[in-house]
Amino acid sequence: MNSDIYKTITSISHGIYKEKGSRFVSIAIPISGQEEIKPIIDRIKKEHHEARHHSYAYMIGHKRNIWRVNDDGEPSGTAGRPILGQINSFGLTNLIIVVSRYFGGTLLGVSGLLNAYRSAAESALKNAELTEKTVNEYYEISYPYISMNDVMKILKEENIGQSEQSFDIECRILLNFRVSAKEKVLNRLARIDGLNYRYIETH
């Protein structure tokens, strides 16, 4: 798989697993940053206020290097880790899975909990629609109006995304393109007289 491609889920999906009277209700939610985590957890705790535990795991970033697990009172390593294990098994990022446990009165033991949280997380992901996305770099370019045709030719041939635009004596466009195309695109743009570019961000 190319280094500028990652897999995630397109929208919220649900799952459930039942074991000895306990219900493990799971939800997988696409996210893009850690600031989204607390509001999501707070909302789920309100929706499932009778559940005893709300364990979760999340993974963020195209490099899959920002993650966290939380057992929320379950024995250490029995809830968050198996949830994260399913995120890794599916090779996903930019999502959180929360599993709310309704206790059924029978203790499941360590192996039982591991299996239950793993199965609940797997259930949500099997019900999810998966998608591949590209990691893009964003640049602002400015150039004289006389160079418009040269710029537009490159944007079309390289399939470059455009957002904000302003056309005057001095023109400005916000561009985005795949990381793997960076060297080729910037080299072509740099050959245009009077064109300057400025890096904005990568995501």
# chains A, B, ... in the order shown; residues from 1 in each chain; ligands from 1
$ closest_atom_pairs --of "stretch 66-101 of chain A" --to "stretch 110-115 of chain A" --cutoff "12 Å" --atoms "only C-alpha atoms" --output "Markdown table"
| residue | atom | partner | partner_atom | distance |
| --- | --- | --- | --- | --- |
| A:Asp71 | CA | A:Leu113 | CA | 10.8 |
| A:Glu74 | CA | A:Leu113 | CA | 8.5 |
| A:Pro75 | CA | A:Val110 | CA | 7.5 |
| A:Ser76 | CA | A:Val110 | CA | 9.4 |
| A:Gly77 | CA | A:Leu114 | CA | 8.2 |
| A:Thr78 | CA | A:Leu114 | CA | 4.9 |
| A:Ala79 | CA | A:Leu114 | CA | 6.3 |
| A:Gly80 | CA | A:Leu114 | CA | 9.2 |
| A:Arg81 | CA | A:Leu114 | CA | 8.3 |
| A:Pro82 | CA | A:Leu114 | CA | 6.1 |
| A:Ile83 | CA | A:Leu114 | CA | 8.8 |
| A:Leu84 | CA | A:Leu114 | CA | 11.4 |
| A:Gly85 | CA | A:Leu114 | CA | 10.4 |
| A:Gln86 | CA | A:Asn115 | CA | 11.3 |
| A:Val99 | CA | A:Leu113 | CA | 11.6 |
| A:Arg101 | CA | A:Leu113 | CA | 10.3 |
$ write_last_selection --atoms "N, CA and C atoms" --output "mmCIF file, in the first residue's frame"
data_model
loop_
_atom_site.group_PDB
_atom_site.id
_atom_site.type_symbol
_atom_site.label_atom_id
_atom_site.label_comp_id
_atom_site.auth_asym_id
_atom_site.auth_seq_id
_atom_site.Cartn_x
_atom_site.Cartn_y
_atom_site.Cartn_z
ATOM 1 N N ASP A 71 -9.870 1.416 29.803
ATOM 2 C CA ASP A 71 -10.664 0.274 30.284
ATOM 3 C C ASP A 71 -11.888 0.694 31.098
ATOM 4 N N GLU A 74 -12.827 -1.613 34.020
ATOM 5 C CA GLU A 74 -12.663 -3.055 33.815
ATOM 6 C C GLU A 74 -11.218 -3.434 34.198
ATOM 7 N N PRO A 75 -10.954 -4.713 34.497
ATOM 8 C CA PRO A 75 -9.583 -5.121 34.813
ATOM 9 C C PRO A 75 -8.602 -4.663 33.727
ATOM 10 N N SER A 76 -7.446 -4.185 34.160
ATOM 11 C CA SER A 76 -6.478 -3.581 33.245
ATOM 12 C C SER A 76 -6.158 -4.480 32.049
ATOM 13 N N GLY A 77 -6.293 -3.919 30.869
ATOM 14 C CA GLY A 77 -5.948 -4.632 29.644
ATOM 15 C C GLY A 77 -7.045 -5.497 29.060
ATOM 16 N N THR A 78 -8.217 -5.554 29.700
ATOM 17 C CA THR A 78 -9.265 -6.470 29.233
ATOM 18 C C THR A 78 -10.278 -5.817 28.304
ATOM 19 N N ALA A 79 -10.239 -4.485 28.165
ATOM 20 C CA ALA A 79 -11.275 -3.808 27.382
ATOM 21 C C ALA A 79 -10.683 -2.948 26.264
ATOM 22 N N GLY A 80 -9.943 -1.898 26.635
ATOM 23 C CA GLY A 80 -9.391 -0.993 25.632
ATOM 24 C C GLY A 80 -8.448 -1.679 24.656
ATOM 25 N N ARG A 81 -7.590 -2.561 25.177
ATOM 26 C CA ARG A 81 -6.607 -3.239 24.319
ATOM 27 C C ARG A 81 -7.251 -4.115 23.247
ATOM 28 N N PRO A 82 -8.215 -4.962 23.600
ATOM 29 C CA PRO A 82 -8.851 -5.760 22.544
ATOM 30 C C PRO A 82 -9.641 -4.912 21.544
ATOM 31 N N ILE A 83 -10.155 -3.763 21.988
ATOM 32 C CA ILE A 83 -10.823 -2.857 21.045
ATOM 33 C C ILE A 83 -9.802 -2.309 20.058
ATOM 34 N N LEU A 84 -8.664 -1.839 20.596
ATOM 35 C CA LEU A 84 -7.591 -1.337 19.728
ATOM 36 C C LEU A 84 -7.086 -2.435 18.795
ATOM 37 N N GLY A 85 -7.066 -3.663 19.305
ATOM 38 C CA GLY A 85 -6.625 -4.787 18.492
ATOM 39 C C GLY A 85 -7.446 -4.945 17.229
ATOM 40 N N GLN A 86 -8.745 -4.663 17.326
ATOM 41 C CA GLN A 86 -9.600 -4.762 16.135
ATOM 42 C C GLN A 86 -9.354 -3.610 15.173
ATOM 43 N N VAL A 99 -17.268 0.866 23.608
ATOM 44 C CA VAL A 99 -18.108 -0.281 23.943
ATOM 45 C C VAL A 99 -18.702 -0.057 25.326
ATOM 46 N N ARG A 101 -20.885 -1.480 28.376
ATOM 47 C CA ARG A 101 -21.251 -2.796 28.912
ATOM 48 C C ARG A 101 -22.403 -2.684 29.917
#
$ closest_atom_pairs --of "stretch 118-193 of chain A" --to "stretch 46-68 of chain A" --cutoff "10 Å" --atoms "only C-alpha atoms" --output "Markdown table"
| residue | atom | partner | partner_atom | distance |
| --- | --- | --- | --- | --- |
| A:Ala121 | CA | A:Tyr56 | CA | 9.3 |
| A:Lys133 | CA | A:His62 | CA | 9.2 |
| A:Thr134 | CA | A:His62 | CA | 8.7 |
| A:Val135 | CA | A:His62 | CA | 7.0 |
$ write_last_selection --atoms "C-alpha atoms" --output "tab-separated table (two decimals), in the first residue's frame"
chain	number	residue	atom	x	y	z
A	121	ALA	CA	-15.57	-3.95	18.46
A	133	LYS	CA	-8.27	8.17	1.58
A	134	THR	CA	-5.15	9.90	0.38
A	135	VAL	CA	-2.80	12.03	2.47
$ closest_atom_pairs --of "stretch 43-125 of chain A" --to "stretch 6-10 of chain A" --cutoff "8 Å" --atoms "only C-alpha atoms" --output "tab-separated table"
residue	atom	partner	partner_atom	distance
A:His62	CA	A:Tyr6	CA	5.8
A:Gly91	CA	A:Lys7	CA	6.7
A:Leu92	CA	A:Thr8	CA	5.0
A:Thr93	CA	A:Thr8	CA	5.3
A:Asn94	CA	A:Thr8	CA	6.1
A:Leu95	CA	A:Thr8	CA	7.0
$ closest_residue --among "A:Ile87, A:Ala181, A:Val98, A:Ile5" --to "A:Val25" --atoms "only C-alpha atoms"
A:Val98
$ residues_around --residues "A:Ser123" --least-positions-apart "3" --cutoff "12 Å" --atoms "only C-alpha atoms" --output "number ranges by chain"
A: 13-18, 24-28, 83, 86-87, 90, 97-99, 115-120, 126-128
$ select_by_dssp --residues "stretch 40-113 of chain A" --states "strand (DSSP E)" --output "MDAnalysis selection string"
chainID A and resid 53:60 66:70 95:102
$ select_by_dssp --residues "stretch 6-177 of chain A" --states "alpha helix (DSSP H)" --output "PyMOL selection string"
chain A and resi 37-47+80-90+109-126+148-157
$ residues_around --residues "A:Glu140" --least-positions-apart "3" --cutoff "12 Å" --atoms "only C-alpha atoms" --output "list in words"
Glu137, Tyr143, Gly161, Gln162, Ser163, Glu164, Gln165, Ser166, Cys171, Arg172, Ile173, Leu174, Leu175, Asn176, Phe177, Leu186, Leu189, Leu195, Asn196, Tyr197, Arg198, Tyr199, Ile200 and Glu201 of chain A
